[in-house]
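input_2.cif (mmCIF, N, CA, C and O atoms)
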data_data
#
loop_
_atom_site.label_atom_id
_atom_site.label_comp_id
_atom_site.auth_asym_id
_atom_site.auth_seq_id
_atom_site.Cartn_x
_atom_site.Cartn_y
_atom_site.Cartn_z
N MET L 1169 0.83 -1.19 0.00
CA MET L 1169 0.00 0.00 0.00
C MET L 1169 0.88 1.25 0.00
O MET L 1169 1.89 1.30 0.66
N LYS L 1170 0.41 2.24 -0.73
CA LYS L 1170 1.09 3.52 -0.79
C LYS L 1170 0.13 4.59 -0.28
O LYS L 1170 -1.07 4.50 -0.51
N THR L 1171 0.67 5.59 0.37
CA THR L 1171 -0.14 6.73 0.82
C THR L 1171 0.47 7.99 0.24
O THR L 1171 1.68 8.19 0.31
N THR L 1172 -0.37 8.83 -0.35
CA THR L 1172 0.07 10.07 -0.97
C THR L 1172 -0.82 11.21 -0.52
O THR L 1172 -2.04 11.06 -0.45
N ASN L 1173 -0.19 12.34 -0.23
CA ASN L 1173 -0.93 13.57 0.09
C ASN L 1173 -0.91 14.46 -1.15
O ASN L 1173 0.14 14.69 -1.73
N LEU L 1174 -2.08 14.94 -1.53
CA LEU L 1174 -2.21 15.84 -2.66
C LEU L 1174 -2.83 17.14 -2.19
O LEU L 1174 -3.75 17.14 -1.38
N ILE L 1175 -2.33 18.26 -2.70
CA ILE L 1175 -2.94 19.56 -2.46
C ILE L 1175 -3.89 19.82 -3.63
O ILE L 1175 -3.49 19.69 -4.78
N VAL L 1176 -5.14 20.15 -3.32
CA VAL L 1176 -6.14 20.40 -4.36
C VAL L 1176 -6.47 21.90 -4.36
O VAL L 1176 -7.24 22.38 -3.52
N GLU L 1177 -5.82 22.61 -5.28
CA GLU L 1177 -6.06 24.05 -5.40
C GLU L 1177 -7.45 24.29 -5.99
O GLU L 1177 -7.84 23.62 -6.94
N GLY L 1178 -8.17 25.24 -5.41
CA GLY L 1178 -9.50 25.56 -5.90
C GLY L 1178 -10.62 24.92 -5.09
O GLY L 1178 -11.79 25.19 -5.33
N MET L 1179 -10.26 24.09 -4.11
CA MET L 1179 -11.25 23.48 -3.24
C MET L 1179 -11.64 24.52 -2.19
O MET L 1179 -10.83 24.86 -1.33
N LYS L 1180 -12.88 25.06 -2.29
CA LYS L 1180 -13.27 26.20 -1.47
C LYS L 1180 -14.43 25.94 -0.52
O LYS L 1180 -14.65 26.72 0.40
N CYS L 1181 -15.21 24.88 -0.77
CA CYS L 1181 -16.42 24.68 0.03
C CYS L 1181 -16.75 23.19 0.15
O CYS L 1181 -16.09 22.36 -0.45
N GLU L 1182 -17.79 22.91 0.92
CA GLU L 1182 -18.21 21.51 1.08
C GLU L 1182 -18.69 20.91 -0.23
O GLU L 1182 -18.57 19.70 -0.45
N GLY L 1183 -19.23 21.73 -1.12
CA GLY L 1183 -19.63 21.24 -2.44
C GLY L 1183 -18.42 20.70 -3.21
O GLY L 1183 -18.51 19.65 -3.85
N CYS L 1184 -17.30 21.42 -3.12
CA CYS L 1184 -16.06 20.96 -3.77
C CYS L 1184 -15.60 19.64 -3.16
O CYS L 1184 -15.21 18.71 -3.86
N VAL L 1185 -15.67 19.58 -1.83
CA VAL L 1185 -15.27 18.35 -1.12
C VAL L 1185 -16.13 17.19 -1.59
O VAL L 1185 -15.62 16.09 -1.87
N ASN L 1186 -17.43 17.40 -1.72
CA ASN L 1186 -18.33 16.33 -2.15
C ASN L 1186 -18.05 15.88 -3.57
O ASN L 1186 -18.14 14.69 -3.88
N ARG L 1187 -17.72 16.82 -4.46
CA ARG L 1187 -17.37 16.45 -5.83
C ARG L 1187 -16.12 15.58 -5.87
O ARG L 1187 -16.07 14.57 -6.59
N ILE L 1188 -15.13 15.94 -5.07
CA ILE L 1188 -13.89 15.16 -5.02
C ILE L 1188 -14.15 13.81 -4.36
O ILE L 1188 -13.64 12.78 -4.80
N LYS L 1189 -14.96 13.81 -3.32
CA LYS L 1189 -15.32 12.56 -2.64
C LYS L 1189 -15.98 11.58 -3.61
O LYS L 1189 -15.68 10.38 -3.60
N ASN L 1190 -16.88 12.07 -4.48
CA ASN L 1190 -17.52 11.21 -5.47
C ASN L 1190 -16.51 10.59 -6.42
O ASN L 1190 -16.62 9.41 -6.76
N VAL L 1191 -15.53 11.36 -6.84
CA VAL L 1191 -14.48 10.84 -7.72
C VAL L 1191 -13.73 9.72 -7.02
O VAL L 1191 -13.54 8.63 -7.57
N VAL L 1192 -13.31 9.98 -5.80
CA VAL L 1192 -12.51 9.00 -5.04
C VAL L 1192 -13.31 7.74 -4.79
O VAL L 1192 -12.82 6.62 -4.99
N GLU L 1193 -14.56 7.89 -4.37
CA GLU L 1193 -15.38 6.72 -4.04
C GLU L 1193 -15.74 5.89 -5.27
O GLU L 1193 -16.04 4.72 -5.15
N ASN L 1194 -15.71 6.50 -6.45
CA ASN L 1194 -16.04 5.77 -7.67
C ASN L 1194 -14.81 5.31 -8.44
O ASN L 1194 -14.92 4.91 -9.60
N THR L 1195 -13.65 5.34 -7.79
CA THR L 1195 -12.42 4.86 -8.41
C THR L 1195 -11.99 3.59 -7.68
O THR L 1195 -11.77 3.61 -6.46
N LYS L 1196 -11.89 2.50 -8.41
CA LYS L 1196 -11.50 1.22 -7.80
C LYS L 1196 -10.00 1.24 -7.49
O LYS L 1196 -9.22 1.83 -8.22
N GLY L 1197 -9.64 0.58 -6.40
CA GLY L 1197 -8.23 0.46 -6.05
C GLY L 1197 -7.79 1.38 -4.92
O GLY L 1197 -6.64 1.35 -4.51
N ILE L 1198 -8.72 2.18 -4.39
CA ILE L 1198 -8.39 3.07 -3.28
C ILE L 1198 -8.84 2.39 -1.98
O ILE L 1198 -10.00 2.03 -1.82
N SER L 1199 -7.89 2.21 -1.08
CA SER L 1199 -8.19 1.53 0.19
C SER L 1199 -8.85 2.47 1.19
O SER L 1199 -9.77 2.10 1.89
N SER L 1200 -8.32 3.71 1.27
CA SER L 1200 -8.89 4.70 2.17
C SER L 1200 -8.51 6.09 1.69
O SER L 1200 -7.60 6.25 0.87
N TYR L 1201 -9.23 7.08 2.21
CA TYR L 1201 -8.92 8.46 1.85
C TYR L 1201 -9.40 9.40 2.95
O TYR L 1201 -10.22 9.03 3.78
N ALA L 1202 -8.84 10.60 2.94
CA ALA L 1202 -9.28 11.66 3.85
C ALA L 1202 -9.17 12.97 3.09
O ALA L 1202 -8.24 13.18 2.32
N ILE L 1203 -10.15 13.85 3.30
CA ILE L 1203 -10.15 15.15 2.65
C ILE L 1203 -10.23 16.23 3.72
O ILE L 1203 -11.09 16.17 4.59
N SER L 1204 -9.32 17.20 3.64
CA SER L 1204 -9.33 18.33 4.56
C SER L 1204 -9.58 19.60 3.75
O SER L 1204 -8.73 20.01 2.95
N LEU L 1205 -10.73 20.22 3.97
CA LEU L 1205 -11.05 21.47 3.29
C LEU L 1205 -10.14 22.59 3.78
O LEU L 1205 -9.63 23.38 2.98
N GLU L 1206 -9.88 22.64 5.08
CA GLU L 1206 -9.03 23.69 5.65
C GLU L 1206 -7.63 23.66 5.06
O GLU L 1206 -7.05 24.70 4.75
N GLU L 1207 -7.06 22.47 4.91
CA GLU L 1207 -5.69 22.33 4.39
C GLU L 1207 -5.68 22.15 2.87
O GLU L 1207 -4.61 22.10 2.28
N LYS L 1208 -6.87 22.04 2.27
CA LYS L 1208 -7.00 21.76 0.83
C LYS L 1208 -6.21 20.50 0.45
O LYS L 1208 -5.53 20.45 -0.57
N LYS L 1209 -6.33 19.48 1.30
CA LYS L 1209 -5.51 18.28 1.16
C LYS L 1209 -6.37 17.03 0.98
O LYS L 1209 -7.39 16.87 1.65
N LEU L 1210 -5.92 16.18 0.07
CA LEU L 1210 -6.53 14.87 -0.15
C LEU L 1210 -5.46 13.82 0.11
O LEU L 1210 -4.38 13.86 -0.50
N THR L 1211 -5.71 12.94 1.05
CA THR L 1211 -4.78 11.85 1.36
C THR L 1211 -5.39 10.56 0.86
O THR L 1211 -6.52 10.22 1.21
N LEU L 1212 -4.64 9.85 0.02
CA LEU L 1212 -5.12 8.60 -0.58
C LEU L 1212 -4.21 7.44 -0.18
O LEU L 1212 -2.99 7.59 -0.17
N THR L 1213 -4.82 6.30 0.09
CA THR L 1213 -4.07 5.05 0.28
C THR L 1213 -4.55 4.10 -0.81
O THR L 1213 -5.75 3.88 -0.97
N TYR L 1214 -3.60 3.57 -1.58
CA TYR L 1214 -3.92 2.78 -2.77
C TYR L 1214 -2.81 1.75 -3.01
O TYR L 1214 -1.75 1.81 -2.40
N LYS L 1215 -3.09 0.84 -3.94
CA LYS L 1215 -2.13 -0.22 -4.25
C LYS L 1215 -1.28 0.09 -5.47
O LYS L 1215 -0.08 -0.12 -5.47
N LYS L 1216 -1.89 0.60 -6.53
CA LYS L 1216 -1.19 0.78 -7.80
C LYS L 1216 -1.08 2.26 -8.16
O LYS L 1216 -2.02 3.03 -7.96
N GLU L 1217 0.06 2.64 -8.72
CA GLU L 1217 0.32 4.02 -9.14
C GLU L 1217 -0.72 4.50 -10.16
O GLU L 1217 -1.08 5.68 -10.18
N GLU L 1218 -1.22 3.58 -11.00
CA GLU L 1218 -2.21 3.95 -12.01
C GLU L 1218 -3.47 4.52 -11.38
O GLU L 1218 -4.14 5.39 -11.95
N VAL L 1219 -3.81 4.04 -10.19
CA VAL L 1219 -5.00 4.52 -9.48
C VAL L 1219 -4.82 5.99 -9.12
O VAL L 1219 -5.72 6.81 -9.31
N LEU L 1220 -3.65 6.34 -8.63
CA LEU L 1220 -3.35 7.73 -8.27
C LEU L 1220 -3.46 8.62 -9.50
O LEU L 1220 -4.09 9.68 -9.45
N GLU L 1221 -2.88 8.19 -10.60
CA GLU L 1221 -2.92 8.98 -11.84
C GLU L 1221 -4.36 9.18 -12.32
O GLU L 1221 -4.73 10.26 -12.78
N GLU L 1222 -5.17 8.14 -12.20
CA GLU L 1222 -6.58 8.21 -12.62
C GLU L 1222 -7.34 9.24 -11.78
O GLU L 1222 -8.09 10.06 -12.32
N VAL L 1223 -7.13 9.22 -10.47
CA VAL L 1223 -7.81 10.17 -9.59
C VAL L 1223 -7.39 11.60 -9.92
O VAL L 1223 -8.22 12.50 -10.01
N ILE L 1224 -6.10 11.81 -10.11
CA ILE L 1224 -5.60 13.15 -10.42
C ILE L 1224 -6.23 13.67 -11.72
O ILE L 1224 -6.70 14.81 -11.77
N LYS L 1225 -6.27 12.83 -12.74
CA LYS L 1225 -6.86 13.25 -14.01
C LYS L 1225 -8.33 13.62 -13.85
O LYS L 1225 -8.79 14.63 -14.38
N LYS L 1226 -9.08 12.81 -13.11
CA LYS L 1226 -10.51 13.08 -12.90
C LYS L 1226 -10.73 14.39 -12.14
O LYS L 1226 -11.63 15.16 -12.47
N ILE L 1227 -9.91 14.63 -11.13
CA ILE L 1227 -10.05 15.86 -10.34
C ILE L 1227 -9.70 17.07 -11.19
O ILE L 1227 -10.37 18.10 -11.15
N GLU L 1228 -8.65 16.96 -11.99
CA GLU L 1228 -8.24 18.08 -12.83
C GLU L 1228 -9.26 18.37 -13.93
O GLU L 1228 -9.40 19.52 -14.35
N LYS L 1229 -10.02 17.37 -14.36
CA LYS L 1229 -11.08 17.60 -15.35
C LYS L 1229 -12.20 18.45 -14.77
O LYS L 1229 -12.97 19.06 -15.51
N MET L 1230 -12.30 18.52 -13.44
CA MET L 1230 -13.31 19.34 -12.78
C MET L 1230 -12.76 20.75 -12.49
O MET L 1230 -13.31 21.47 -11.67
N ASP L 1231 -11.67 21.12 -13.13
CA ASP L 1231 -11.07 22.44 -13.01
C ASP L 1231 -10.39 22.73 -11.68
O ASP L 1231 -10.27 23.88 -11.27
N PHE L 1232 -9.94 21.70 -10.99
CA PHE L 1232 -9.08 21.87 -9.82
C PHE L 1232 -7.65 21.64 -10.27
O PHE L 1232 -7.41 20.95 -11.26
N GLN L 1233 -6.70 22.21 -9.54
CA GLN L 1233 -5.29 21.91 -9.80
C GLN L 1233 -4.78 21.02 -8.68
O GLN L 1233 -5.01 21.31 -7.51
N VAL L 1234 -4.09 19.94 -9.06
CA VAL L 1234 -3.57 19.00 -8.08
C VAL L 1234 -2.06 19.14 -8.01
O VAL L 1234 -1.38 19.10 -9.02
N VAL L 1235 -1.56 19.34 -6.78
CA VAL L 1235 -0.11 19.47 -6.55
C VAL L 1235 0.30 18.31 -5.66
O VAL L 1235 -0.30 18.05 -4.62
N ARG L 1236 1.37 17.64 -6.09
CA ARG L 1236 1.87 16.51 -5.28
C ARG L 1236 2.81 16.99 -4.22
O ARG L 1236 3.50 17.92 -4.33
#

This entry written out as structure tokens:
Amino acid sequence: MKTTNLIVEGMKCEGCVNRIKNVVENTKGISSYAISLEEKKLTLTYKKEEVLEEVIKKIEKMDFQVVR
């Protein structure tokens, strides 16, 4: 298992958190996650690097910027 912290620029409200939560929950291969609106941080635990790349692409399609 790998754990990665991502900064999600543009995450401003609970609506943003819910949109990101839907992406994460609908992506197979994620063991656990946590989202902090205050820190604009998404922490993911996953098995394969491809899963991380998939989540980043989906989040960026929603006009957020993801910083590793």

Given the PyMOL selection byres (((chain L and resi 1196 and name CA) around 10) and name CA) and the file above, list the residues it selects as a CSV table (one decimal) with N, CA, C and O atoms, keeping the file's coordinate frame.
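Heads up, here's the output in expr-v3.csv:
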chain,number,residue,atom,x,y,z
L,1192,VAL,N,-13.3,10.0,-5.8
L,1192,VAL,CA,-12.5,9.0,-5.0
L,1192,VAL,C,-13.3,7.7,-4.8
L,1192,VAL,O,-12.8,6.6,-5.0
L,1193,GLU,N,-14.6,7.9,-4.4
L,1193,GLU,CA,-15.4,6.7,-4.0
L,1193,GLU,C,-15.7,5.9,-5.3
L,1193,GLU,O,-16.0,4.7,-5.2
L,1194,ASN,N,-15.7,6.5,-6.4
L,1194,ASN,CA,-16.0,5.8,-7.7
L,1194,ASN,C,-14.8,5.3,-8.4
L,1194,ASN,O,-14.9,4.9,-9.6
L,1195,THR,N,-13.6,5.3,-7.8
L,1195,THR,CA,-12.4,4.9,-8.4
L,1195,THR,C,-12.0,3.6,-7.7
L,1195,THR,O,-11.8,3.6,-6.5
L,1197,GLY,N,-9.6,0.6,-6.4
L,1197,GLY,CA,-8.2,0.5,-6.0
L,1197,GLY,C,-7.8,1.4,-4.9
L,1197,GLY,O,-6.6,1.4,-4.5
L,1198,ILE,N,-8.7,2.2,-4.4
L,1198,ILE,CA,-8.4,3.1,-3.3
L,1198,ILE,C,-8.8,2.4,-2.0
L,1198,ILE,O,-10.0,2.0,-1.8
L,1199,SER,N,-7.9,2.2,-1.1
L,1199,SER,CA,-8.2,1.5,0.2
L,1199,SER,C,-8.8,2.5,1.2
L,1199,SER,O,-9.8,2.1,1.9
L,1214,TYR,N,-3.6,3.6,-1.6
L,1214,TYR,CA,-3.9,2.8,-2.8
L,1214,TYR,C,-2.8,1.8,-3.0
L,1214,TYR,O,-1.8,1.8,-2.4
L,1219,VAL,N,-3.8,4.0,-10.2
L,1219,VAL,CA,-5.0,4.5,-9.5
L,1219,VAL,C,-4.8,6.0,-9.1
L,1219,VAL,O,-5.7,6.8,-9.3
L,1222,GLU,N,-5.2,8.1,-12.2
L,1222,GLU,CA,-6.6,8.2,-12.6
L,1222,GLU,C,-7.3,9.2,-11.8
L,1222,GLU,O,-8.1,10.1,-12.3
L,1223,VAL,N,-7.1,9.2,-10.5
L,1223,VAL,CA,-7.8,10.2,-9.6
L,1223,VAL,C,-7.4,11.6,-9.9
L,1223,VAL,O,-8.2,12.5,-10.0

Check your understanding: So which bits of chain L end up strand (DSSP E or B) when you DSSP the backbone, as JSON, numbers by chain?
Key -> {"L": [1170, 1171, 1172, 1173, 1174, 1175, 1176, 1177, 1198, 1199, 1200, 1201, 1202, 1203, 1204, 1209, 1210, 1211, 1212, 1213, 1214, 1233, 1234, 1235]}

Residue subset to file, keeping N, CA, C and O atoms, as a tab-separated table (two decimals), in the frame of the given file:
chain	number	residue	atom	x	y	z
L	1170	LYS	N	0.41	2.24	-0.73
L	1170	LYS	CA	1.09	3.52	-0.79
L	1170	LYS	C	0.13	4.59	-0.28
L	1170	LYS	O	-1.07	4.50	-0.51
L	1171	THR	N	0.67	5.59	0.37
L	1171	THR	CA	-0.14	6.73	0.82
L	1171	THR	C	0.47	7.99	0.24
L	1171	THR	O	1.68	8.19	0.31
L	1172	THR	N	-0.37	8.83	-0.35
L	1172	THR	CA	0.07	10.07	-0.97
L	1172	THR	C	-0.82	11.21	-0.52
L	1172	THR	O	-2.04	11.06	-0.45
L	1173	ASN	N	-0.19	12.34	-0.23
L	1173	ASN	CA	-0.93	13.57	0.09
L	1173	ASN	C	-0.91	14.46	-1.15
L	1173	ASN	O	0.14	14.69	-1.73
L	1174	LEU	N	-2.08	14.94	-1.53
L	1174	LEU	CA	-2.21	15.84	-2.66
L	1174	LEU	C	-2.83	17.14	-2.19
L	1174	LEU	O	-3.75	17.14	-1.38
L	1175	ILE	N	-2.33	18.26	-2.70
L	1175	ILE	CA	-2.94	19.56	-2.46
L	1175	ILE	C	-3.89	19.82	-3.63
L	1175	ILE	O	-3.49	19.69	-4.78
L	1176	VAL	N	-5.14	20.15	-3.32
L	1176	VAL	CA	-6.14	20.40	-4.36
L	1176	VAL	C	-6.47	21.90	-4.36
L	1176	VAL	O	-7.24	22.38	-3.52
L	1177	GLU	N	-5.82	22.61	-5.28
L	1177	GLU	CA	-6.06	24.05	-5.40
L	1177	GLU	C	-7.45	24.29	-5.99
L	1177	GLU	O	-7.84	23.62	-6.94
L	1198	ILE	N	-8.72	2.18	-4.39
L	1198	ILE	CA	-8.39	3.07	-3.28
L	1198	ILE	C	-8.84	2.39	-1.98
L	1198	ILE	O	-10.00	2.03	-1.82
L	1199	SER	N	-7.89	2.21	-1.08
L	1199	SER	CA	-8.19	1.53	0.19
L	1199	SER	C	-8.85	2.47	1.19
L	1199	SER	O	-9.77	2.10	1.89
L	1200	SER	N	-8.32	3.71	1.27
L	1200	SER	CA	-8.89	4.70	2.17
L	1200	SER	C	-8.51	6.09	1.69
L	1200	SER	O	-7.60	6.25	0.87
L	1201	TYR	N	-9.23	7.08	2.21
L	1201	TYR	CA	-8.92	8.46	1.85
L	1201	TYR	C	-9.40	9.40	2.95
L	1201	TYR	O	-10.22	9.03	3.78
L	1202	ALA	N	-8.84	10.60	2.94
L	1202	ALA	CA	-9.28	11.66	3.85
L	1202	ALA	C	-9.17	12.97	3.09
L	1202	ALA	O	-8.24	13.18	2.32
L	1203	ILE	N	-10.15	13.85	3.30
L	1203	ILE	CA	-10.15	15.15	2.65
L	1203	ILE	C	-10.23	16.23	3.72
L	1203	ILE	O	-11.09	16.17	4.59
L	1204	SER	N	-9.32	17.20	3.64
L	1204	SER	CA	-9.33	18.33	4.56
L	1204	SER	C	-9.58	19.60	3.75
L	1204	SER	O	-8.73	20.01	2.95
L	1209	LYS	N	-6.33	19.48	1.30
L	1209	LYS	CA	-5.51	18.28	1.16
L	1209	LYS	C	-6.37	17.03	0.98
L	1209	LYS	O	-7.39	16.87	1.65
L	1210	LEU	N	-5.92	16.18	0.07
L	1210	LEU	CA	-6.53	14.87	-0.15
L	1210	LEU	C	-5.46	13.82	0.11
L	1210	LEU	O	-4.38	13.86	-0.50
L	1211	THR	N	-5.71	12.94	1.05
L	1211	THR	CA	-4.78	11.85	1.36
L	1211	THR	C	-5.39	10.56	0.86
L	1211	THR	O	-6.52	10.22	1.21
L	1212	LEU	N	-4.64	9.85	0.02
L	1212	LEU	CA	-5.12	8.60	-0.58
L	1212	LEU	C	-4.21	7.44	-0.18
L	1212	LEU	O	-2.99	7.59	-0.17
L	1213	THR	N	-4.82	6.30	0.09
L	1213	THR	CA	-4.07	5.05	0.28
L	1213	THR	C	-4.55	4.10	-0.81
L	1213	THR	O	-5.75	3.88	-0.97
L	1214	TYR	N	-3.60	3.57	-1.58
L	1214	TYR	CA	-3.92	2.78	-2.77
L	1214	TYR	C	-2.81	1.75	-3.01
L	1214	TYR	O	-1.75	1.81	-2.40
L	1233	GLN	N	-6.70	22.21	-9.54
L	1233	GLN	CA	-5.29	21.91	-9.80
L	1233	GLN	C	-4.78	21.02	-8.68
L	1233	GLN	O	-5.01	21.31	-7.51
L	1234	VAL	N	-4.09	19.94	-9.06
L	1234	VAL	CA	-3.57	19.00	-8.08
L	1234	VAL	C	-2.06	19.14	-8.01
L	1234	VAL	O	-1.38	19.10	-9.02
L	1235	VAL	N	-1.56	19.34	-6.78
L	1235	VAL	CA	-0.11	19.47	-6.55
L	1235	VAL	C	0.30	18.31	-5.66
L	1235	VAL	O	-0.30	18.05	-4.62

For L:Leu1212: contacts at 5 Å, only N, CA, C and O atoms, fewer than 2 positions along chain excluded, given as a PDB file with N, CA, C and O atoms, keeping the file's coordinate frame:
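Contents of the output file result_11.pdb:
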ATOM      1  N   LYS L1170       0.410   2.240  -0.730  1.00  0.00           N
ATOM      2  CA  LYS L1170       1.090   3.520  -0.790  1.00  0.00           C
ATOM      3  C   LYS L1170       0.130   4.590  -0.280  1.00  0.00           C
ATOM      4  O   LYS L1170      -1.070   4.500  -0.510  1.00  0.00           O
ATOM      5  N   THR L1171       0.670   5.590   0.370  1.00  0.00           N
ATOM      6  CA  THR L1171      -0.140   6.730   0.820  1.00  0.00           C
ATOM      7  C   THR L1171       0.470   7.990   0.240  1.00  0.00           C
ATOM      8  O   THR L1171       1.680   8.190   0.310  1.00  0.00           O
ATOM      9  N   THR L1172      -0.370   8.830  -0.350  1.00  0.00           N
ATOM     10  CA  THR L1172       0.070  10.070  -0.970  1.00  0.00           C
ATOM     11  C   THR L1172      -0.820  11.210  -0.520  1.00  0.00           C
ATOM     12  O   THR L1172      -2.040  11.060  -0.450  1.00  0.00           O
ATOM     13  N   SER L1200      -8.320   3.710   1.270  1.00  0.00           N
ATOM     14  CA  SER L1200      -8.890   4.700   2.170  1.00  0.00           C
ATOM     15  C   SER L1200      -8.510   6.090   1.690  1.00  0.00           C
ATOM     16  O   SER L1200      -7.600   6.250   0.870  1.00  0.00           O
ATOM     17  N   TYR L1201      -9.230   7.080   2.210  1.00  0.00           N
ATOM     18  CA  TYR L1201      -8.920   8.460   1.850  1.00  0.00           C
ATOM     19  C   TYR L1201      -9.400   9.400   2.950  1.00  0.00           C
ATOM     20  O   TYR L1201     -10.220   9.030   3.780  1.00  0.00           O
ATOM     21  N   LEU L1210      -5.920  16.180   0.070  1.00  0.00           N
ATOM     22  CA  LEU L1210      -6.530  14.870  -0.150  1.00  0.00           C
ATOM     23  C   LEU L1210      -5.460  13.820   0.110  1.00  0.00           C
ATOM     24  O   LEU L1210      -4.380  13.860  -0.500  1.00  0.00           O
ATOM     25  N   TYR L1214      -3.600   3.570  -1.580  1.00  0.00           N
ATOM     26  CA  TYR L1214      -3.920   2.780  -2.770  1.00  0.00           C
ATOM     27  C   TYR L1214      -2.810   1.750  -3.010  1.00  0.00           C
ATOM     28  O   TYR L1214      -1.750   1.810  -2.400  1.00  0.00           O
TER      29      TYR L1214
END

Check your understanding: With all atoms listed in the file as the atoms that count, which of L:Glu1218, L:Glu1177, L:Glu1182, L:Glu1207 lies nearest to L:Asp1231?
Key ->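 Among L:Glu1218, L:Glu1177, L:Glu1182, L:Glu1207, it is L:Glu1177 that comes nearest to L:Asp1231.
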
Exercise for review: Please indicate the distance in Å from atom CA of L:Lys1215 to atom CA of L:Cys1184, rounded to one decimal place.
Suggested key: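 Separation of atom CA of L:Lys1215 and atom CA of L:Cys1184: 25.4 Å.
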
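Between atom C of L:Val1185 and atom O of L:Gln1233 there is a distance of 13.3 Å.
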
Check your understanding: atom CA of L:Asn1186 and atom CA of L:Met1169 are how many Å apart?
Key ->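 For atom CA of L:Asn1186 relative to atom CA of L:Met1169, the distance reads 24.6 Å.
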
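Minimum atom-to-atom distances from L:Lys1229, L:Asn1173, L:Val1191, L:Val1235 to L:Thr1211 were compared using all atoms listed in the file, and the lowest value belongs to L:Asn1173.
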
Coordinates of box centre and edge lengths for stretch 1197-1200 of chain L, 6 Å on every side, axis-aligned, as JSON:
{"center_x": -8.3, "center_y": 3.4, "center_z": -2.1, "size_x": 15.4, "size_y": 17.8, "size_z": 20.6}

**Study point:** alpha helix (DSSP H) positions in stretch 1190-1228 of chain L, given as a list in words
**Key:** Asn1190, Val1191, Val1192, Glu1193, Glu1217, Glu1218, Val1219, Leu1220, Glu1221, Glu1222, Val1223, Ile1224, Lys1225, Lys1226, Ile1227 and Glu1228 of chain L

Starting from the incomplete input, reconstruct all heavy atoms of stretch 1182-1187 of chain L and write that as a PDB file, in the frame of the given file.
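Saved the output as rebuild-v4.pdb:
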ATOM      1  N   GLU L1182     -17.790  22.910   0.920  1.00  0.00           N
ATOM      2  CA  GLU L1182     -18.210  21.510   1.080  1.00  0.00           C
ATOM      3  C   GLU L1182     -18.690  20.910  -0.230  1.00  0.00           C
ATOM      4  O   GLU L1182     -18.570  19.700  -0.450  1.00  0.00           O
ATOM      5  CB  GLU L1182     -19.316  21.409   2.142  1.00  0.00           C
ATOM      6  CG  GLU L1182     -18.821  21.524   3.561  1.00  0.00           C
ATOM      7  CD  GLU L1182     -17.813  20.449   3.943  1.00  0.00           C
ATOM      8  OE1 GLU L1182     -17.997  19.266   3.579  1.00  0.00           O
ATOM      9  OE2 GLU L1182     -16.846  20.798   4.625  1.00  0.00           O
ATOM     10  N   GLY L1183     -19.230  21.730  -1.120  1.00  0.00           N
ATOM     11  CA  GLY L1183     -19.630  21.240  -2.440  1.00  0.00           C
ATOM     12  C   GLY L1183     -18.420  20.700  -3.210  1.00  0.00           C
ATOM     13  O   GLY L1183     -18.510  19.650  -3.850  1.00  0.00           O
ATOM     14  N   CYS L1184     -17.300  21.420  -3.120  1.00  0.00           N
ATOM     15  CA  CYS L1184     -16.060  20.960  -3.770  1.00  0.00           C
ATOM     16  C   CYS L1184     -15.600  19.640  -3.160  1.00  0.00           C
ATOM     17  O   CYS L1184     -15.210  18.710  -3.860  1.00  0.00           O
ATOM     18  CB  CYS L1184     -14.949  22.003  -3.605  1.00  0.00           C
ATOM     19  SG  CYS L1184     -15.255  23.586  -4.390  1.00  0.00           S
ATOM     20  N   VAL L1185     -15.670  19.580  -1.830  1.00  0.00           N
ATOM     21  CA  VAL L1185     -15.270  18.350  -1.120  1.00  0.00           C
ATOM     22  C   VAL L1185     -16.130  17.190  -1.590  1.00  0.00           C
ATOM     23  O   VAL L1185     -15.620  16.090  -1.870  1.00  0.00           O
ATOM     24  CB  VAL L1185     -15.386  18.533   0.410  1.00  0.00           C
ATOM     25  CG1 VAL L1185     -15.222  17.206   1.130  1.00  0.00           C
ATOM     26  CG2 VAL L1185     -14.373  19.551   0.904  1.00  0.00           C
ATOM     27  N   ASN L1186     -17.430  17.400  -1.720  1.00  0.00           N
ATOM     28  CA  ASN L1186     -18.330  16.330  -2.150  1.00  0.00           C
ATOM     29  C   ASN L1186     -18.050  15.880  -3.570  1.00  0.00           C
ATOM     30  O   ASN L1186     -18.140  14.690  -3.880  1.00  0.00           O
ATOM     31  CB  ASN L1186     -19.787  16.756  -1.992  1.00  0.00           C
ATOM     32  CG  ASN L1186     -20.215  16.816  -0.548  1.00  0.00           C
ATOM     33  OD1 ASN L1186     -19.688  16.105   0.303  1.00  0.00           O
ATOM     34  ND2 ASN L1186     -21.160  17.687  -0.252  1.00  0.00           N
ATOM     35  N   ARG L1187     -17.720  16.820  -4.460  1.00  0.00           N
ATOM     36  CA  ARG L1187     -17.370  16.450  -5.830  1.00  0.00           C
ATOM     37  C   ARG L1187     -16.120  15.580  -5.870  1.00  0.00           C
ATOM     38  O   ARG L1187     -16.070  14.570  -6.590  1.00  0.00           O
ATOM     39  CB  ARG L1187     -17.158  17.707  -6.679  1.00  0.00           C
ATOM     40  CG  ARG L1187     -18.446  18.463  -6.920  1.00  0.00           C
ATOM     41  CD  ARG L1187     -18.225  19.788  -7.597  1.00  0.00           C
ATOM     42  NE  ARG L1187     -17.665  19.600  -8.935  1.00  0.00           N
ATOM     43  CZ  ARG L1187     -16.961  20.530  -9.573  1.00  0.00           C
ATOM     44  NH1 ARG L1187     -16.730  21.701  -9.014  1.00  0.00           N
ATOM     45  NH2 ARG L1187     -16.497  20.294 -10.776  1.00  0.00           N
TER      46      ARG L1187
END
